[in-house]
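> What follows is input08.tsv, made up of TSV, C-alpha atoms:
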```
chain	number	residue	atom	x	y	z
A	676	MET	CA	-6.49	-7.02	-1.11
A	677	LYS	CA	-7.38	-10.54	-0.05
A	678	TYR	CA	-5.72	-12.17	-3.05
A	679	CYS	CA	-2.37	-10.54	-2.21
A	680	GLU	CA	-2.67	-11.47	1.46
A	681	GLU	CA	-3.16	-15.11	0.52
A	682	ASN	CA	-0.88	-15.39	-2.53
A	683	GLY	CA	1.66	-12.58	-2.35
A	684	SER	CA	2.11	-9.82	-4.87
A	685	PHE	CA	1.43	-10.16	-8.57
A	686	ARG	CA	4.42	-11.29	-10.65
A	687	THR	CA	2.89	-10.60	-14.08
A	688	VAL	CA	-0.05	-8.63	-15.48
A	689	GLU	CA	-1.63	-11.94	-16.50
A	690	ASN	CA	-1.85	-12.93	-12.81
A	691	LEU	CA	-4.57	-10.30	-12.41
A	692	ILE	CA	-6.98	-12.69	-14.16
A	693	LYS	CA	-6.93	-14.75	-10.94
A	694	VAL	CA	-8.74	-11.93	-9.09
A	695	SER	CA	-12.43	-12.76	-8.99
A	696	ARG	CA	-13.82	-9.55	-10.53
A	697	ILE	CA	-11.23	-9.12	-13.27
A	698	GLY	CA	-12.18	-10.97	-16.43
A	699	GLU	CA	-10.32	-11.39	-19.69
A	700	LYS	CA	-12.00	-8.41	-21.34
A	701	ALA	CA	-11.26	-6.07	-18.41
A	702	LEU	CA	-7.66	-7.26	-18.29
A	703	GLU	CA	-7.24	-6.67	-22.02
A	704	ASN	CA	-8.59	-3.12	-21.64
A	705	LEU	CA	-6.26	-2.36	-18.71
A	706	LYS	CA	-3.15	-4.25	-19.77
A	707	ASP	CA	-1.34	-1.31	-21.40
A	708	SER	CA	-1.95	0.88	-18.34
A	709	ILE	CA	-0.56	-1.55	-15.74
A	710	THR	CA	3.03	-1.74	-14.56
A	711	ILE	CA	4.17	-4.48	-12.21
```
Since I need it in another form, could you write the structure as structure tokens?


Amino acid sequence: MKYCEENGSFRTVENLIKVSRIGEKALENLKDSITI
């Protein structure tokens, strides 16, 4: 994933919002299913 290559791994679930195709609504729907 380009974001990870440039910025390193995600530190929190909220960092996923920085990925271009993940919006607030998508993040809210996925938040309970994600473990970092």

> Hey, which of A:Val694, A:Glu689, A:Ser684, A:Cys679 ends up closest to Lys706 of chain A? Count only C-alpha atoms.

A:Glu689

> Any idea what's packed within 10 Å of Ala701 of chain A, counting all atoms listed in the file, ignoring anything in its chain fewer than 4 positions away? Could you give it as a PDB file with C-alpha atoms, keeping the file's coordinate frame?


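To be explicit, this is the file written out as part09.pdb:
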```pdb
ATOM      1  CA  LEU A 691      -4.570 -10.300 -12.410  1.00  0.00           C
ATOM      2  CA  ILE A 692      -6.980 -12.690 -14.160  1.00  0.00           C
ATOM      3  CA  ARG A 696     -13.820  -9.550 -10.530  1.00  0.00           C
ATOM      4  CA  ILE A 697     -11.230  -9.120 -13.270  1.00  0.00           C
ATOM      5  CA  LEU A 705      -6.260  -2.360 -18.710  1.00  0.00           C
ATOM      6  CA  LYS A 706      -3.150  -4.250 -19.770  1.00  0.00           C
TER       7      LYS A 706
END
```

> Rounded to one decimal, what separation in Å do you get between atom CA of Glu699 of chain A and atom CA of Phe685 of chain A?

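These atoms are spaced 16.2 Å apart.
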
> Would you compute the distance between atom CA of Arg686 of chain A and atom CA of Ile711 of chain A? Give it in Å to one decimal.

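Calculated distance between atom CA of Arg686 of chain A and atom CA of Ile711 of chain A is 7.0 Å.
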
> Using the file's own x, y and z axes, what box holds all listed atoms of segment 687-690 of chain A with 6 Å on each side, keeping edges along x, y and z, and what are its centre and edge lengths in Å to one decimal, as JSON?


```
{"center_x": 0.5, "center_y": -10.8, "center_z": -14.7, "size_x": 16.7, "size_y": 16.3, "size_z": 15.7}
```

> Would you compute the distance between atom CA of Gly698 of chain A and atom CA of Thr710 of chain A? Give it in Å to one decimal.

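About the pair atom CA of Gly698 of chain A and atom CA of Thr710 of chain A: they are 17.9 Å apart.
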